[in-house]
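Colleague: Provided below: upload_22.pdb, containing PDB, C-alpha atoms.
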MODEL        1
ATOM      1  CA  MET A   1      14.322 108.363 100.757
ATOM      2  CA  THR A   2      12.075 107.219 103.557
ATOM      3  CA  ALA A   3       8.286 107.125 103.435
ATOM      4  CA  GLY A   4       8.300 110.334 105.486
ATOM      5  CA  ASP A   5      10.624 112.032 102.997
ATOM      6  CA  LEU A   6       8.386 110.922 100.130
ATOM      7  CA  ASP A   7       5.271 112.216 101.904
ATOM      8  CA  ALA A   8       6.983 115.570 102.509
ATOM      9  CA  LEU A   9       8.066 115.777  98.861
ATOM     10  CA  VAL A  10       4.541 114.909  97.730
ATOM     11  CA  ARG A  11       2.961 117.550  99.989
ATOM     12  CA  VAL A  12       5.313 120.254  98.683
ATOM     13  CA  THR A  13       4.708 119.376  95.043
ATOM     14  CA  SER A  14       1.028 118.447  95.320
ATOM     15  CA  PRO A  15      -0.657 120.631  97.949
ATOM     16  CA  ASP A  16      -4.044 119.077  97.106
ATOM     17  CA  TYR A  17      -2.823 115.591  98.061
ATOM     18  CA  VAL A  18      -5.037 114.041 100.698
ATOM     19  CA  GLY A  19      -4.064 110.618 102.055
ATOM     20  CA  GLU A  20      -7.516 109.193 101.262
ATOM     21  CA  THR A  21      -7.471 110.228  97.594
ATOM     22  CA  PRO A  22      -5.373 107.987  95.361
ATOM     23  CA  PRO A  23      -2.780 109.998  93.458
ATOM     24  CA  ASP A  24      -2.801 110.174  89.661
ATOM     25  CA  ILE A  25       0.811 109.013  89.707
ATOM     26  CA  ALA A  26       2.042 106.475  92.241
ATOM     27  CA  PHE A  27       5.648 107.104  93.260
ATOM     28  CA  GLY A  28       8.067 105.163  95.432
ATOM     29  CA  ILE A  29      11.428 103.483  95.629
ATOM     30  CA  THR A  30      12.573  99.891  95.793
ATOM     31  CA  ASP A  31      15.900  98.296  96.557
ATOM     32  CA  THR A  32      17.229  95.633  94.182
ATOM     33  CA  PRO A  33      20.437  93.614  93.902
ATOM     34  CA  VAL A  34      21.698  96.169  91.345
ATOM     35  CA  GLY A  35      20.741  99.297  93.270
ATOM     36  CA  ARG A  36      17.869 101.480  94.328
ATOM     37  CA  LEU A  37      15.206 102.202  91.718
ATOM     38  CA  ALA A  38      12.758 105.119  91.686
ATOM     39  CA  LEU A  39       9.322 103.979  90.501
ATOM     40  CA  ALA A  40       6.452 105.973  88.993
ATOM     41  CA  VAL A  41       3.195 104.465  87.759
ATOM     42  CA  THR A  42       0.537 106.313  85.776
ATOM     43  CA  ALA A  43      -2.844 105.099  84.578
ATOM     44  CA  ARG A  44      -1.042 103.924  81.413
ATOM     45  CA  GLY A  45       1.654 101.898  83.181
ATOM     46  CA  VAL A  46       5.168 102.140  84.603
ATOM     47  CA  ALA A  47       6.605 105.513  83.577
ATOM     48  CA  ALA A  48       9.799 105.279  85.639
ATOM     49  CA  CYS A  49      11.963 102.497  86.964
ATOM     50  CA  SER A  50      15.105 104.522  87.221
ATOM     51  CA  PHE A  51      18.552 104.406  88.776
ATOM     52  CA  GLU A  52      18.534 108.224  88.924
ATOM     53  CA  ASP A  53      18.150 109.995  92.261
ATOM     54  CA  GLU A  54      14.513 109.793  93.353
ATOM     55  CA  HIS A  55      14.276 113.579  93.727
ATOM     56  CA  VAL A  56      15.398 114.021  90.111
ATOM     57  CA  VAL A  57      12.917 111.390  88.897
ATOM     58  CA  PHE A  58      10.115 112.911  90.987
ATOM     59  CA  ALA A  59      10.799 116.380  89.553
ATOM     60  CA  ARG A  60      10.896 115.055  85.978
ATOM     61  CA  VAL A  61       7.670 113.069  86.383
ATOM     62  CA  SER A  62       6.010 116.109  87.961
ATOM     63  CA  ARG A  63       7.204 118.418  85.178
ATOM     64  CA  GLU A  64       6.484 116.124  82.214
ATOM     65  CA  ILE A  65       3.472 114.021  83.263
ATOM     66  CA  GLY A  66       1.580 115.471  86.219
ATOM     67  CA  THR A  67       1.819 116.861  89.723
ATOM     68  CA  PHE A  68      -0.706 114.840  91.718
ATOM     69  CA  ILE A  69       1.873 112.308  92.899
ATOM     70  CA  GLY A  70       1.925 110.112  95.972
ATOM     71  CA  ASN A  71       2.743 106.762  97.492
ATOM     72  CA  ASP A  72       0.114 104.232  96.391
ATOM     73  CA  PRO A  73       1.185 100.690  97.397
ATOM     74  CA  ARG A  74      -1.809  99.182  95.597
ATOM     75  CA  ARG A  75      -0.264 100.341  92.294
ATOM     76  CA  LEU A  76       3.419 100.009  93.232
ATOM     77  CA  ASP A  77       3.314  96.512  94.746
ATOM     78  CA  PRO A  78       2.738  94.642  91.447
ATOM     79  CA  ILE A  79       5.907  96.190  90.010
ATOM     80  CA  ARG A  80       7.886  95.443  93.143
ATOM     81  CA  ARG A  81       6.642  91.828  93.084
ATOM     82  CA  GLU A  82       7.647  91.418  89.432
ATOM     83  CA  LEU A  83      11.068  92.960  90.068
ATOM     84  CA  ASP A  84      11.585  90.620  93.041
ATOM     85  CA  ALA A  85      10.546  87.621  90.908
ATOM     86  CA  TYR A  86      12.853  88.723  88.089
ATOM     87  CA  PHE A  87      15.852  89.133  90.397
ATOM     88  CA  SER A  88      15.189  85.751  92.011
ATOM     89  CA  GLY A  89      15.137  84.085  88.572
ATOM     90  CA  ARG A  90      11.405  83.264  88.636
ATOM     91  CA  LEU A  91      10.277  85.812  86.017
ATOM     92  CA  ARG A  92      11.461  86.017  82.416
ATOM     93  CA  ALA A  93       8.968  88.530  81.013
ATOM     94  CA  PHE A  94       7.424  91.493  82.782
ATOM     95  CA  THR A  95       3.658  91.793  82.472
ATOM     96  CA  VAL A  96       3.212  95.280  83.932
ATOM     97  CA  PRO A  97       2.258  97.800  81.237
ATOM     98  CA  VAL A  98       4.819 100.454  80.330
ATOM     99  CA  ASP A  99       4.271 104.189  79.778
ATOM    100  CA  LEU A 100       7.158 105.622  77.729
ATOM    101  CA  ARG A 101       6.066 109.278  77.863
ATOM    102  CA  LEU A 102       9.357 110.250  79.514
ATOM    103  CA  ALA A 103      11.284 109.047  76.438
ATOM    104  CA  THR A 104      11.726 111.055  73.253
ATOM    105  CA  PRO A 105      10.034 109.706  70.111
ATOM    106  CA  PHE A 106      13.390 108.426  68.811
ATOM    107  CA  ALA A 107      14.195 106.800  72.167
ATOM    108  CA  ARG A 108      10.756 105.141  72.197
ATOM    109  CA  THR A 109      11.560 103.520  68.851
ATOM    110  CA  VAL A 110      14.909 102.269  70.184
ATOM    111  CA  LEU A 111      13.401 101.045  73.464
ATOM    112  CA  GLN A 112      10.637  99.185  71.641
ATOM    113  CA  MET A 113      13.392  97.321  69.769
ATOM    114  CA  THR A 114      14.935  96.253  73.089
ATOM    115  CA  MET A 115      11.525  95.106  74.326
ATOM    116  CA  ALA A 116      11.536  92.621  71.442
ATOM    117  CA  VAL A 117      14.862  91.092  72.543
ATOM    118  CA  PRO A 118      14.012  87.874  74.406
ATOM    119  CA  TYR A 119      15.191  87.056  77.910
ATOM    120  CA  GLY A 120      18.636  85.458  77.719
ATOM    121  CA  SER A 121      19.555  87.188  74.452
ATOM    122  CA  VAL A 122      21.359  90.342  73.408
ATOM    123  CA  THR A 123      21.376  92.654  70.436
ATOM    124  CA  THR A 124      23.943  95.245  69.412
ATOM    125  CA  TYR A 125      23.624  98.957  68.837
ATOM    126  CA  GLN A 126      24.345  98.286  65.150
ATOM    127  CA  GLU A 127      21.555  95.708  64.898
ATOM    128  CA  ILE A 128      19.096  98.197  66.405
ATOM    129  CA  ALA A 129      20.326 100.951  64.091
ATOM    130  CA  ASP A 130      19.878  98.686  61.070
ATOM    131  CA  ARG A 131      16.369  97.612  62.161
ATOM    132  CA  ILE A 132      15.155 101.185  62.492
ATOM    133  CA  GLY A 133      16.740 102.250  59.207
ATOM    134  CA  ARG A 134      19.407 104.483  60.778
ATOM    135  CA  PRO A 135      22.608 102.440  60.262
ATOM    136  CA  HIS A 136      24.942 105.307  61.202
ATOM    137  CA  ALA A 137      23.079 106.437  64.325
ATOM    138  CA  LEU A 138      25.115 104.403  66.824
ATOM    139  CA  ARG A 139      25.780 107.318  69.169
ATOM    140  CA  ALA A 140      22.083 108.289  69.114
ATOM    141  CA  ILE A 141      21.176 104.651  69.841
ATOM    142  CA  GLY A 142      23.553 104.630  72.811
ATOM    143  CA  ASN A 143      22.107 107.912  74.107
ATOM    144  CA  ALA A 144      18.541 106.615  73.779
ATOM    145  CA  LEU A 145      19.451 103.461  75.694
ATOM    146  CA  ALA A 146      21.216 105.479  78.402
ATOM    147  CA  ALA A 147      18.081 107.599  78.838
ATOM    148  CA  ASP A 148      15.744 104.586  79.304
ATOM    149  CA  PRO A 149      13.250 105.815  81.916
ATOM    150  CA  VAL A 150      12.003 102.272  82.640
ATOM    151  CA  CYS A 151      15.245 100.341  83.232
ATOM    152  CA  VAL A 152      15.149  96.585  83.838
ATOM    153  CA  ILE A 153      11.473  96.340  82.774
ATOM    154  CA  VAL A 154      12.344  97.806  79.361
ATOM    155  CA  PRO A 155      15.478  95.690  78.915
ATOM    156  CA  CYS A 156      17.993  98.186  77.551
ATOM    157  CA  HIS A 157      20.627  96.074  79.333
ATOM    158  CA  ARG A 158      20.142  93.521  76.524
ATOM    159  CA  ALA A 159      21.625  95.978  74.019
ATOM    160  CA  ILE A 160      25.414  95.826  73.967
ATOM    161  CA  GLU A 161      27.776  98.058  72.045
ATOM    162  CA  ALA A 162      29.341  95.119  70.197
ATOM    163  CA  PRO A 163      30.367  91.535  71.008
ATOM    164  CA  GLY A 164      32.703  91.792  73.986
ATOM    165  CA  LEU A 165      31.779  95.446  74.670
ATOM    166  CA  LEU A 166      28.943  96.034  77.111
ATOM    167  CA  GLY A 167      28.454  99.716  76.381
ATOM    168  CA  GLY A 168      27.016 102.098  78.923
ATOM    169  CA  TYR A 169      24.158 101.571  81.336
ATOM    170  CA  ALA A 170      22.296 103.949  83.633
ATOM    171  CA  GLY A 171      22.938 101.657  86.617
ATOM    172  CA  GLY A 172      26.626 101.316  85.723
ATOM    173  CA  PRO A 173      28.586  98.505  84.066
ATOM    174  CA  ALA A 174      28.428  96.184  87.099
ATOM    175  CA  ALA A 175      24.617  96.377  87.122
ATOM    176  CA  LYS A 176      24.441  95.676  83.386
ATOM    177  CA  GLU A 177      26.758  92.708  83.715
ATOM    178  CA  HIS A 178      24.740  91.415  86.699
ATOM    179  CA  LEU A 179      21.479  91.603  84.730
ATOM    180  CA  LEU A 180      22.984  89.815  81.739
ATOM    181  CA  ARG A 181      24.493  87.079  83.902
ATOM    182  CA  LEU A 182      21.171  86.704  85.737
ATOM    183  CA  GLU A 183      19.628  85.978  82.333
ATOM    184  CA  GLY A 184      22.426  83.520  81.480
ATOM    185  CA  VAL A 185      24.127  85.809  78.968
ATOM    186  CA  SER A 186      27.758  86.727  78.752
ATOM    187  CA  PRO A 187      28.719  89.334  76.175
ATOM    188  CA  GLY A 188      31.671  87.091  75.308
ATOM    189  CA  PRO A 189      35.276  87.907  74.645
ATOM    190  CA  ALA A 190      36.224  91.028  72.758
ATOM    191  CA  PRO A 191      36.634  90.543  69.018
ATOM    192  CA  ALA A 192      40.194  89.844  67.854
TER     193      ALA A 192
ENDMDL
END
Could I get this file's structure written as structure tokens?

Modeller:
Amino acid sequence: MTAGDLDALVRVTSPDYVGETPPDIAFGITDTPVGRLALAVTARGVAACSFEDEHVVFARVSREIGTFIGNDPRRLDPIRRELDAYFSGRLRAFTVPVDLRLATPFARTVLQMTMAVPYGSVTTYQEIADRIGRPHALRAIGNALAADPVCVIVPCHRAIEAPGLLGGYAGGPAAKEHLLRLEGVSPGPAPA
């Protein structure tokens, strides 16, 4: 999506958008070593940092949060800078605030558990399930992680299915493995 495509999408969805008025929700895209990410920032924080198609993310943000959406570099640049620093190995903890309104209440609980996993570490679906008091909810844990609307910043990549098994990831298994290796983590060999 080019800036022109984004502007056209914004005009169609938000007919009141005037270039001089900052949008309620800043929206844009950024390219990273693991793929293109669609970004959305609200007054509360980053609501989307998603591998999904930007049109899909835009429609979801518009439907679930608000329709006055536009490109606002002043609000998008801090996230892009932190992502660049993270991917270059200079940032271990994101400081941008996060807005998890696009996640279900259960997914928010799961994602908050991943936010507590330190850089360079992993947890398993079972460990998350045990911590939230739902020891048999492994499939639900996996689904919540797969639906992370703020990938990379909310580090769902640090949750693996089990030692030696990465589990799914919205950006695909190669992206998950790249992120873990960037942080100096290898899921290790599969259990015997």

Colleague: With the PyMOL selection byres ((chain A and resi 49-63) around 8) as the selection, what would be picked from this file? Answer as a list of chain:residue names, please.

Modeller: A:Met1, A:Thr13, A:Phe27, A:Ile29, A:Gly35, A:Arg36, A:Leu37, A:Ala38, A:Leu39, A:Ala40, A:Val46, A:Ala47, A:Ala48, A:Glu64, A:Ile65, A:Gly66, A:Thr67, A:Phe68, A:Ile69, A:Leu102, A:Asp148, A:Pro149, A:Val150, A:Cys151, A:Val152, A:Ile153, A:Ala170, A:Gly171

Colleague: What do you get, as a compact mmCIF listing (two decimals) with C-alpha atoms, in the frame of the given file, if you spell out every residue that the PyMOL selection byres ((chain A and resi 82) around 10) selects here?

Modeller:
# COMPACT_ATOMS: atom_id res chain seq x y z
CA ASP A 77 3.31 96.51 94.75
CA PRO A 78 2.74 94.64 91.45
CA ILE A 79 5.91 96.19 90.01
CA ARG A 80 7.89 95.44 93.14
CA ARG A 81 6.64 91.83 93.08
CA LEU A 83 11.07 92.96 90.07
CA ASP A 84 11.58 90.62 93.04
CA ALA A 85 10.55 87.62 90.91
CA TYR A 86 12.85 88.72 88.09
CA PHE A 87 15.85 89.13 90.40
CA SER A 88 15.19 85.75 92.01
CA ARG A 90 11.40 83.26 88.64
CA LEU A 91 10.28 85.81 86.02
CA ARG A 92 11.46 86.02 82.42
CA ALA A 93 8.97 88.53 81.01
CA PHE A 94 7.42 91.49 82.78
CA THR A 95 3.66 91.79 82.47
CA VAL A 96 3.21 95.28 83.93
CA ILE A 153 11.47 96.34 82.77

Colleague: Nearest to Glu177 (chain A) among A:Val154, A:Ala140, A:Val34, A:Leu111, with distances taken over only C-alpha atoms: which residue is it?

Modeller: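 Among A:Val154, A:Ala140, A:Val34, A:Leu111, it is A:Val34 that comes nearest to Glu177 (chain A).
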
Colleague: Using all atoms listed in the file, find the one residue out of A:Gly28, A:Gly45, A:Pro155, A:Gly168 that sits nearest to Val122 (chain A).

Modeller: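 Comparing A:Gly28, A:Gly45, A:Pro155, A:Gly168 against Val122 (chain A), the winner is A:Pro155.
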
Colleague: Residues within 12 Å of Tyr125 (chain A), please, as a PyMOL selection string. Count only C-alpha atoms; anything in the same chain fewer than 4 positions from it doesn't count.

Modeller: chain A and resi 110-111+113-114+129-132+134-146+156-163+165-168

Colleague: Could you tell me how far CA of Glu183 (chain A) lies from CA of Thr123 (chain A), in Å and to one decimal?

Modeller: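 These two atoms are separated by 13.8 Å.
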
Colleague: From the list A:Gly164, A:Ala103, A:Pro173, A:Val98, which residue is nearest Thr124 (chain A) when using only C-alpha atoms?

Modeller: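 Among A:Gly164, A:Ala103, A:Pro173, A:Val98, it is A:Gly164 that comes nearest to Thr124 (chain A).
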
Colleague: Give me, please, the distance in Å between CA of Ala174 (chain A) and CA of Ile128 (chain A), quoted to one decimal.

Modeller: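 So the two atoms, CA of Ala174 (chain A) and CA of Ile128 (chain A), lie 22.8 Å apart.
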
Colleague: Just to confirm, what's the straight-line distance from CA of Ile25 (chain A) to CA of Val41 (chain A) in Å (one decimal)?

Modeller: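 Computing the Euclidean distance for CA of Ile25 (chain A) and CA of Val41 (chain A) yields 5.5 Å.
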
Colleague: Using all atoms listed in the file, can you tell me which of A:Gly184, A:Pro97, A:Pro73, A:Gly120 comes closest to Thr42 (chain A)?

Modeller: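 Comparing A:Gly184, A:Pro97, A:Pro73, A:Gly120 against Thr42 (chain A), the winner is A:Pro97.
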
Colleague: Go through A:Asp72, A:Gly89, A:Thr32, A:Pro22 and flag the residue nearest Tyr119 (chain A), using only C-alpha atoms for the distances.

Modeller: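 Checking each candidate against Tyr119 (chain A), we get A:Gly89 as the closest.
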